[in-house]
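Reading through the structure tokens given below for one structure.
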Amino acid sequence: MSNNSYTHDAYEKIQQHGRLSYISQTTPDSVNTECEVPAPIKYVVPIIFIPGIMGSNLKNDNKEKVWYPKISLSTIRKYSIRDAKERQIALNPEATQVGYDGDIKLNKKMISDITEDLARARGWGSVIPVGYPNVLMYLESQLNQPFKTIKEQKEGEFKGTSEWEKIVSPGNKQTQKLLDKWLSSQVTELLKVEQHESLADYTFPVFACGYNWLQSNRLSADNVADRMNNEIMAQIKKEHPTAKFKKFIVVTHSMGGLVTRALIQNDKVKDKIAGVVHGVMPASGAPAVYQRITVGWDGWKASTGIKNSITAWITKFMFGDTSERLTATLASAPGGLELLPFSNYLNPDNSGNTKAWLTIKANTPNGEITATLPKTNDPYTEIYKRKNTWWAMMNPDFIDPAGLMKKEAEKKKLQDIFDVYRENIDIVNKLHKHIADSYHENSYAHYGSDTNFKSYGQVVWRCKETLNIKSENELIELMNLYGKKKLIQLPNIQPQTKERDETQFEKNETDVIVKDSKTYNLNDNAYKKDGVREIILDEKSGISKTHKATFYLDIKPTSPGDGTVCYQSGQDVKAVNRNLKNTFIINGYEHASSYDNDDVQLNTLYCIAKIFSEMKKD
């Protein structure tokens with residue numbers, strides 16, 4: 001907003017025929033009243049905020065609200081009591097769409113000019129009212145009121161607000177403390193006064209752009225592109241009919257970063273984006289997804305502080321507190337599965353195989369054996385698609401409680417429901433390849449590496465019994481090599497007649513189909529309970545004295561992070577070939593509420609200003 005002003009006794013702003021006008025009401029000379037009339041805005045640079053997974057409101061095709069989470073007893077109870085079947089039906093990616101009529105929080109002291117109708121027109125109702133309202137209001141306030149009013153200004157002092165004074169040279173008393181909290185990948189240069197004053201001719205309306213987080217992020221990117229080109233551009237024209245649109249600046253949270261890395265390659269908008277600010281992005285995926293699928297949403301275990309613990313505890317039940325409930329949603333949701341570790345995920349804490357993030361440990365008479373996965377650049381085949389192994393991520397019994405995937409398998413003439421899930425993993429693979437090295441040339445990023453908010457940089461299974469084995473492969477393939485087979489003698493066993501690709505089956509898999517069975521693998525189902533897998537071993541094998549092997553999943557995360565995204569994934573933005581303008585490690589928050597943090601908010605404002613400065617040079 002411009003700092004230029006003209007003195008009138010009073011004025012009234014009107015807008016007619018696309019032109020902004022002011023009507024002044026004169027008063028006697030004895031009445032000393034003043035008001036400021038802002039100079040017309042010349043240019044518009046919309047700020048597009050893209051939330052993380054589960055951060056957008058969703059409706060079903062009947063316009064019923066199926067995901068509008070908020071901290072209220074009625075909402076918490078409604079979402080918490082959903083069983084697996086209800087969750088799969090409600091959160092079906094093929095039958096849901098973004099809802100724009102969610103609750104909107106406004107603080108009139110911060111943004112007096114923003115009404116609820118205007119905020120809704122800018123999409124603020126498309127994002128959940130937890131973790132996002134504060135940053136939307138903050139950016140709207142600081143970007144569109146960056147200057148003090150004439151009455152507030154003192155001759156010779158900095159004209160900007162107190163927030164801007166922290167990041168504009170020479171700064172103030174708080175600036176050095178601030179920079180100490182922004183652990184930067186390079187020297188952080190404060191803004192010049194001229195850069196700040198150049199904001200005067202621009203307006204930066206803040207938009208929120210929700211998306212269907214159940215669908216693939218690439219599809220979401222295309223939908224966001226359409227919204228930017230249509231609804232957002234129309235709203236800009238309505239608010240600022242005489243101003244010229246320049247470019248968009250995109251701010252992301254978590255999975256919104258993956259959407260944006262596909263968005264910047266989308267021909268519809270890629271040339272209209274000036275830059276991107278990424279926040280707490282799982283840049284190369286998160287092992288926490290595997291962890292949570294196998295035990296249920298357990299973010300509360302990684303949180304500290306009463307507020308964070310209570311919020312995360314509530315979230316646990318809303319998202320799915322058990323493997324069965326969470327799997328029912330994620331197995332058929334490519335968007336959520338795309339948060340799994342990419343093929344380029346690196347775990348520098350692991351010696352030898354730096355790509356490994358799945359670890360299996362077992363004691364033997366000759367010492368401990370540790371097996372690690374993946375061993376190649378293909379975690380999709382090695383881990384995500386595996387069904388006939390005790391450490392499989394997906395329990396086939398949990399993936400289709402409502403029978404939706406069965407209908408899909410029949411429609412596509414696939415062998416079983418697990419093949420529908422495998423097709424979703426193929427979608428994940430394609431998205432990962434598409435965005436693995438995709439970053440806007442004018443990008444900034446921040447992430448957490450906080451020991452107070454540890455995350456799963458690796459997932460660890462430990463065996464309770466001592467096993468008489470000698471190799472990693474024996475540990476990995478324990479069920480296939482030594483698992484006791486079921487002896488099934490039922491009249492409904494039918495020979496397999498359908499042609500098939502022999503490479504799809506393991507050598508020990510029996511060539512029969514049991515009608516109405518939940519899985520075609522005739523080995524004992526290793527699933528015992530959440531986080532526990534038990535293999536009944538062949539007594540003749542001599543592998544274990546108890547003739548079983550029981551594996552427990554470590555429930556304590558060990559990597560610094562933000563409670564969800566570990567530093568290993570967050571720091572992917574610092575890779576040499578990323579060429580980001582700057583990256584920051586900022587600690588002191590839990591993942592979902594990162595944008596409520598004061599340091600993160602100010603850093604985001606700073607990064608937007610830097611992107612704006614680069615944009616002006618073009």
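FYI, nothing fancy with the structure tokens labels: chains A, B, ... in order, residues from 1 per chain, ligands from 1 as they appear.
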Please extract the residues of stretch 150-349 of chain A with a backbone DSSP assignment of strand (DSSP E or B) and present them as an NGL selection string.
:A and (160 or 168 or 183-184 or 191 or 202-203 or 206-208 or 244-245 or 248-253 or 273-279)
Do a neighbour search on A:Ser169 at 8 Å with only C-alpha atoms, toss out local chain neighbours closer than 4 positions, and write the hits as a PyMOL selection string.
chain A and resi 165+190-193
Could you check which of A:Val289, A:Ala333, A:Leu139, A:Ala445 is closest to A:Trp213, using only C-alpha atoms?
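Among the listed residues, the smallest separation from A:Trp213 belongs to A:Ala333.
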From a DSSP calculation on the backbone, collect every residue of stretch 145-320 of chain A in alpha helix (DSSP H) and output the set as a ChimeraX atom specification.
/A:162-167,175-181,193-197,217-227,233-239,256-263,288-295,306-319
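Atom CA of A:Val187 is positioned 26.9 Å from atom CA of A:Val45.
For the set A:Lys268, A:Lys154, A:His440, A:Arg462, the residue with the smallest atom-to-atom gap to A:Ile555 is A:Arg462, counting only C-alpha atoms.
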Got a sec: who's within 12 Å of A:Ser455, counting only C-alpha atoms, leaving out chain neighbours fewer than 2 positions off, as a PyMOL selection string?
chain A and resi 282+286-289+291-292+298-303+448-453+457-459+555-570+590-591
Would you put the residues from that selection into a file with N, CA, C and O atoms, as a compact mmCIF listing (two decimals), in the first residue's frame?
# COMPACT_ATOMS: atom_id res chain seq x y z
N PRO A 282 8.17 -31.96 3.48
CA PRO A 282 8.85 -33.26 3.40
C PRO A 282 9.44 -33.42 2.01
O PRO A 282 8.90 -34.12 1.15
N ALA A 286 8.65 -38.76 3.86
CA ALA A 286 8.78 -38.94 5.31
C ALA A 286 8.55 -40.38 5.72
O ALA A 286 7.47 -40.93 5.48
N PRO A 287 9.54 -41.03 6.37
CA PRO A 287 9.34 -42.38 6.91
C PRO A 287 8.18 -42.45 7.90
O PRO A 287 7.64 -43.53 8.15
N ALA A 288 7.78 -41.30 8.45
CA ALA A 288 6.66 -41.27 9.39
C ALA A 288 5.39 -41.83 8.76
O ALA A 288 4.51 -42.33 9.48
N VAL A 289 5.27 -41.77 7.44
CA VAL A 289 4.07 -42.29 6.78
C VAL A 289 4.00 -43.81 6.96
O VAL A 289 2.94 -44.35 7.32
N GLN A 291 5.48 -45.49 9.32
CA GLN A 291 5.30 -45.69 10.76
C GLN A 291 3.83 -45.58 11.14
O GLN A 291 3.29 -46.43 11.85
N ARG A 292 3.19 -44.54 10.66
CA ARG A 292 1.81 -44.28 11.06
C ARG A 292 0.83 -45.25 10.43
O ARG A 292 -0.19 -45.61 11.04
N ASP A 298 0.19 -41.29 15.42
CA ASP A 298 0.74 -41.25 16.78
C ASP A 298 1.56 -40.00 17.04
O ASP A 298 2.49 -40.00 17.82
N GLY A 299 1.20 -38.91 16.37
CA GLY A 299 2.00 -37.69 16.50
C GLY A 299 2.16 -37.19 17.93
O GLY A 299 3.12 -36.52 18.24
N TRP A 300 1.22 -37.56 18.80
CA TRP A 300 1.30 -37.08 20.19
C TRP A 300 2.56 -37.55 20.89
O TRP A 300 3.06 -36.90 21.80
N LYS A 301 3.12 -38.67 20.47
CA LYS A 301 4.31 -39.20 21.15
C LYS A 301 5.55 -38.36 20.88
O LYS A 301 6.53 -38.45 21.59
N ALA A 302 5.49 -37.57 19.79
CA ALA A 302 6.66 -36.78 19.43
C ALA A 302 6.55 -35.34 19.91
O ALA A 302 7.44 -34.55 19.72
N SER A 303 5.44 -34.98 20.54
CA SER A 303 5.20 -33.59 20.89
C SER A 303 5.67 -33.28 22.31
O SER A 303 5.74 -34.14 23.17
N GLY A 448 12.50 -27.65 10.17
CA GLY A 448 12.91 -27.82 11.55
C GLY A 448 13.94 -28.93 11.72
O GLY A 448 13.92 -29.93 11.01
N SER A 449 14.84 -28.73 12.66
CA SER A 449 15.80 -29.76 13.05
C SER A 449 15.96 -29.68 14.56
O SER A 449 17.03 -29.44 15.10
N ASP A 450 14.83 -29.90 15.24
CA ASP A 450 14.71 -29.63 16.66
C ASP A 450 14.72 -30.94 17.45
O ASP A 450 13.91 -31.83 17.20
N THR A 451 15.62 -31.04 18.41
CA THR A 451 15.68 -32.25 19.25
C THR A 451 14.49 -32.33 20.21
O THR A 451 14.23 -33.38 20.78
N ASN A 452 13.77 -31.23 20.38
CA ASN A 452 12.57 -31.25 21.22
C ASN A 452 11.35 -31.76 20.45
O ASN A 452 10.31 -32.01 21.05
N PHE A 453 11.47 -31.84 19.14
CA PHE A 453 10.38 -32.35 18.30
C PHE A 453 10.95 -33.41 17.36
O PHE A 453 11.05 -33.20 16.15
N GLY A 457 13.22 -40.35 11.19
CA GLY A 457 14.14 -40.32 10.06
C GLY A 457 14.39 -41.73 9.56
O GLY A 457 14.85 -41.94 8.44
N GLN A 458 14.08 -42.70 10.40
CA GLN A 458 14.17 -44.11 10.06
C GLN A 458 13.13 -44.87 10.89
O GLN A 458 12.68 -44.39 11.93
N VAL A 459 12.74 -46.02 10.40
CA VAL A 459 11.78 -46.88 11.09
C VAL A 459 12.50 -48.17 11.45
O VAL A 459 13.20 -48.75 10.62
N ILE A 555 8.70 -47.20 18.92
CA ILE A 555 7.68 -46.15 18.93
C ILE A 555 8.26 -44.78 19.27
O ILE A 555 7.53 -43.79 19.28
N LYS A 556 9.57 -44.71 19.51
CA LYS A 556 10.18 -43.41 19.80
C LYS A 556 10.97 -42.93 18.59
O LYS A 556 11.90 -43.59 18.14
N PRO A 557 10.60 -41.74 18.05
CA PRO A 557 11.39 -41.18 16.95
C PRO A 557 12.75 -40.73 17.45
O PRO A 557 12.90 -40.36 18.62
N THR A 558 13.74 -40.74 16.60
CA THR A 558 15.11 -40.44 17.02
C THR A 558 15.77 -39.28 16.28
O THR A 558 16.85 -38.84 16.67
N SER A 559 15.14 -38.79 15.21
CA SER A 559 15.77 -37.75 14.39
C SER A 559 15.25 -36.36 14.75
O SER A 559 14.04 -36.17 14.91
N PRO A 560 16.12 -35.37 14.85
CA PRO A 560 15.65 -34.00 15.03
C PRO A 560 14.72 -33.62 13.88
O PRO A 560 14.92 -34.05 12.74
N GLY A 561 13.73 -32.82 14.16
CA GLY A 561 12.78 -32.42 13.12
C GLY A 561 11.74 -31.49 13.68
O GLY A 561 12.05 -30.60 14.48
N ASP A 562 10.48 -31.70 13.30
CA ASP A 562 9.38 -30.88 13.80
C ASP A 562 8.24 -31.74 14.33
O ASP A 562 7.10 -31.28 14.45
N GLY A 563 8.54 -32.99 14.65
CA GLY A 563 7.52 -33.91 15.14
C GLY A 563 6.89 -34.75 14.05
O GLY A 563 6.26 -35.77 14.33
N THR A 564 7.06 -34.33 12.79
CA THR A 564 6.52 -35.08 11.65
C THR A 564 7.57 -35.24 10.56
O THR A 564 7.90 -36.34 10.15
N VAL A 565 8.11 -34.12 10.09
CA VAL A 565 9.14 -34.15 9.05
C VAL A 565 10.52 -34.13 9.70
O VAL A 565 10.84 -33.22 10.48
N CYS A 566 11.31 -35.15 9.41
CA CYS A 566 12.66 -35.23 9.97
C CYS A 566 13.62 -34.33 9.19
O CYS A 566 13.34 -33.95 8.05
N TYR A 567 14.72 -33.99 9.83
CA TYR A 567 15.67 -33.09 9.17
C TYR A 567 16.22 -33.71 7.89
O TYR A 567 16.59 -33.00 6.94
N GLN A 568 16.30 -35.06 7.82
CA GLN A 568 16.85 -35.70 6.62
C GLN A 568 16.04 -35.31 5.38
O GLN A 568 16.61 -35.11 4.30
N SER A 569 14.73 -35.24 5.52
CA SER A 569 13.88 -34.86 4.39
C SER A 569 13.84 -33.34 4.22
O SER A 569 13.89 -32.84 3.11
N GLY A 570 13.77 -32.62 5.34
CA GLY A 570 13.72 -31.17 5.25
C GLY A 570 14.92 -30.58 4.55
O GLY A 570 14.80 -29.63 3.76
N GLU A 590 5.80 -27.26 16.49
CA GLU A 590 5.34 -28.57 16.02
C GLU A 590 4.85 -28.41 14.59
O GLU A 590 4.30 -27.36 14.22
N HIS A 591 5.04 -29.43 13.78
CA HIS A 591 4.82 -29.36 12.34
C HIS A 591 3.52 -28.66 11.93
O HIS A 591 3.54 -27.71 11.13
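The space between atom CA of A:Thr354 and atom CA of A:Ala262 spans 26.5 Å.
For the choices A:Asn377, A:Gln571, A:Ser284, A:Ser74, the atom-to-atom distance to A:Ile585 is smallest for A:Gln571 when using only C-alpha atoms.
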Which residues of stretch 120-164 of chain A come within 12 Å of stretch 218-231 of chain A, and for each one, what is the closest pair of atoms and their distance in Å to one decimal, counting only C-alpha atoms, sorted by chain and residue number, as JSON lines?
{"residue": "A:Arg120", "atom": "CA", "partner": "A:Glu231", "partner_atom": "CA", "distance": 11.8}
{"residue": "A:Ala121", "atom": "CA", "partner": "A:Glu231", "partner_atom": "CA", "distance": 8.6}
{"residue": "A:Arg122", "atom": "CA", "partner": "A:Glu231", "partner_atom": "CA", "distance": 8.7}
{"residue": "A:Gly123", "atom": "CA", "partner": "A:Glu231", "partner_atom": "CA", "distance": 9.4}
Okay, now the selection with all heavy atoms, as a JSON list (two decimals), in the first residue's frame?
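Now in result11.json:
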[["chain", "number", "residue", "atom", "x", "y", "z"],
["A", 120, "ARG", "N", -13.62, -14.84, 2.29],
["A", 120, "ARG", "CA", -14.16, -16.03, 1.64],
["A", 120, "ARG", "C", -13.92, -15.98, 0.14],
["A", 120, "ARG", "O", -13.61, -17.00, -0.49],
["A", 120, "ARG", "CB", -15.66, -16.16, 1.95],
["A", 120, "ARG", "CG", -16.20, -17.55, 1.69],
["A", 120, "ARG", "CD", -17.58, -17.73, 2.27],
["A", 120, "ARG", "NE", -17.65, -17.55, 3.71],
["A", 120, "ARG", "CZ", -17.21, -18.44, 4.59],
["A", 120, "ARG", "NH1", -16.65, -19.57, 4.16],
["A", 120, "ARG", "NH2", -17.31, -18.22, 5.88],
["A", 121, "ALA", "N", -14.06, -14.80, -0.45],
["A", 121, "ALA", "CA", -13.80, -14.64, -1.88],
["A", 121, "ALA", "C", -12.35, -14.93, -2.21],
["A", 121, "ALA", "O", -12.03, -15.32, -3.34],
["A", 121, "ALA", "CB", -14.17, -13.23, -2.33],
["A", 122, "ARG", "N", -11.48, -14.77, -1.22],
["A", 122, "ARG", "CA", -10.05, -15.06, -1.43],
["A", 122, "ARG", "C", -9.69, -16.49, -1.03],
["A", 122, "ARG", "O", -8.51, -16.83, -0.93],
["A", 122, "ARG", "CB", -9.20, -14.08, -0.62],
["A", 122, "ARG", "CG", -9.28, -12.64, -1.13],
["A", 122, "ARG", "CD", -8.13, -11.87, -0.59],
["A", 122, "ARG", "NE", -8.21, -10.45, -0.84],
["A", 122, "ARG", "CZ", -7.45, -9.54, -0.23],
["A", 122, "ARG", "NH1", -6.59, -9.96, 0.71],
["A", 122, "ARG", "NH2", -7.54, -8.27, -0.51],
["A", 123, "GLY", "N", -10.69, -17.32, -0.77],
["A", 123, "GLY", "CA", -10.43, -18.73, -0.51],
["A", 123, "GLY", "C", -10.06, -19.09, 0.91],
["A", 123, "GLY", "O", -9.69, -20.24, 1.18]]
Find the spatial neighbours of A:Lys63, counting only C-alpha atoms, within a cut-off of 10 Å - ignore same-chain residues fewer than 3 positions away - and output them as a list in words.
Leu58, Lys59, Asn60, Val66, Thr96, Gln97, Val98 and Gly99 of chain A
May I have the residues within 9 Å of stretch 172-178 of chain A as a list in words, using only C-alpha atoms and disregarding those fewer than 5 positions away in the same chain?
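Everything that qualifies: Ser162, Glu165, Lys166, Ile167 and Asp599 of chain A.
Minimum atom-to-atom distance to A:Pro396, evaluated using only C-alpha atoms, belongs to A:Arg422 out of A:Lys237, A:Arg422, A:Lys375, A:Lys413.
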Residue with smallest distance to A:Tyr527 - pool A:Ile476, A:Cys209, A:Met393, A:Ile425, counting only C-alpha atoms:
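Checking each of A:Ile476, A:Cys209, A:Met393, A:Ile425 against A:Tyr527, counting only C-alpha atoms, the winner is A:Met393.
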May I ask which of the residues A:Pro348, A:Pro170, A:Pro334, A:Gly275 is the closest one to A:Ser613, counting only C-alpha atoms?
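Checking each of A:Pro348, A:Pro170, A:Pro334, A:Gly275 against A:Ser613, counting only C-alpha atoms, the winner is A:Gly275.
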Please list as a PyMOL selection string every residue within 9 Å of A:Asp596, counting only C-alpha atoms and excluding residues in the same chain fewer than 3 positions away.
chain A and resi 131-135+589+593+599-601
Using the selection just defined, write its residues with N, CA and C atoms as a PDB file, in the first residue's frame.
ATOM      1  N   GLY A 131      -4.051 -23.625  12.541  1.00  0.00           N
ATOM      2  CA  GLY A 131      -2.700 -23.597  11.991  1.00  0.00           C
ATOM      3  C   GLY A 131      -2.491 -22.633  10.831  1.00  0.00           C
ATOM      4  N   TYR A 132      -3.576 -22.079  10.262  1.00  0.00           N
ATOM      5  CA  TYR A 132      -3.435 -21.223   9.083  1.00  0.00           C
ATOM      6  C   TYR A 132      -3.977 -19.801   9.221  1.00  0.00           C
ATOM      7  N   PRO A 133      -5.059 -19.553   9.974  1.00  0.00           N
ATOM      8  CA  PRO A 133      -5.610 -18.194  10.031  1.00  0.00           C
ATOM      9  C   PRO A 133      -4.600 -17.127  10.440  1.00  0.00           C
ATOM     10  N   ASN A 134      -3.744 -17.432  11.405  1.00  0.00           N
ATOM     11  CA  ASN A 134      -2.805 -16.424  11.899  1.00  0.00           C
ATOM     12  C   ASN A 134      -1.828 -15.963  10.830  1.00  0.00           C
ATOM     13  N   VAL A 135      -1.317 -16.879  10.042  1.00  0.00           N
ATOM     14  CA  VAL A 135      -0.348 -16.474   9.021  1.00  0.00           C
ATOM     15  C   VAL A 135      -1.032 -15.740   7.871  1.00  0.00           C
ATOM     16  N   TYR A 589       8.755 -25.272  17.147  1.00  0.00           N
ATOM     17  CA  TYR A 589       7.343 -25.452  16.816  1.00  0.00           C
ATOM     18  C   TYR A 589       7.069 -26.900  16.442  1.00  0.00           C
ATOM     19  N   SER A 593       1.527 -26.659  13.348  1.00  0.00           N
ATOM     20  CA  SER A 593       1.342 -25.262  13.748  1.00  0.00           C
ATOM     21  C   SER A 593       2.569 -24.407  13.479  1.00  0.00           C
ATOM     22  N   ASP A 599       8.799 -16.455  14.604  1.00  0.00           N
ATOM     23  CA  ASP A 599      10.017 -16.443  13.792  1.00  0.00           C
ATOM     24  C   ASP A 599       9.743 -16.924  12.375  1.00  0.00           C
ATOM     25  N   VAL A 600       8.885 -17.920  12.249  1.00  0.00           N
ATOM     26  CA  VAL A 600       8.527 -18.432  10.925  1.00  0.00           C
ATOM     27  C   VAL A 600       7.744 -17.390  10.141  1.00  0.00           C
ATOM     28  N   GLN A 601       6.824 -16.710  10.799  1.00  0.00           N
ATOM     29  CA  GLN A 601       6.023 -15.689  10.115  1.00  0.00           C
ATOM     30  C   GLN A 601       6.909 -14.570   9.567  1.00  0.00           C
TER      31      GLN A 601
END
Considering only C-alpha atoms, return as a PyMOL selection string whatever protein or nucleic-acid residues lie within 8 Å of A:Met394, sequence-local ones (same chain, fewer than 4 positions apart) excluded.
chain A and resi 293-294+327+331+384+387+398-399
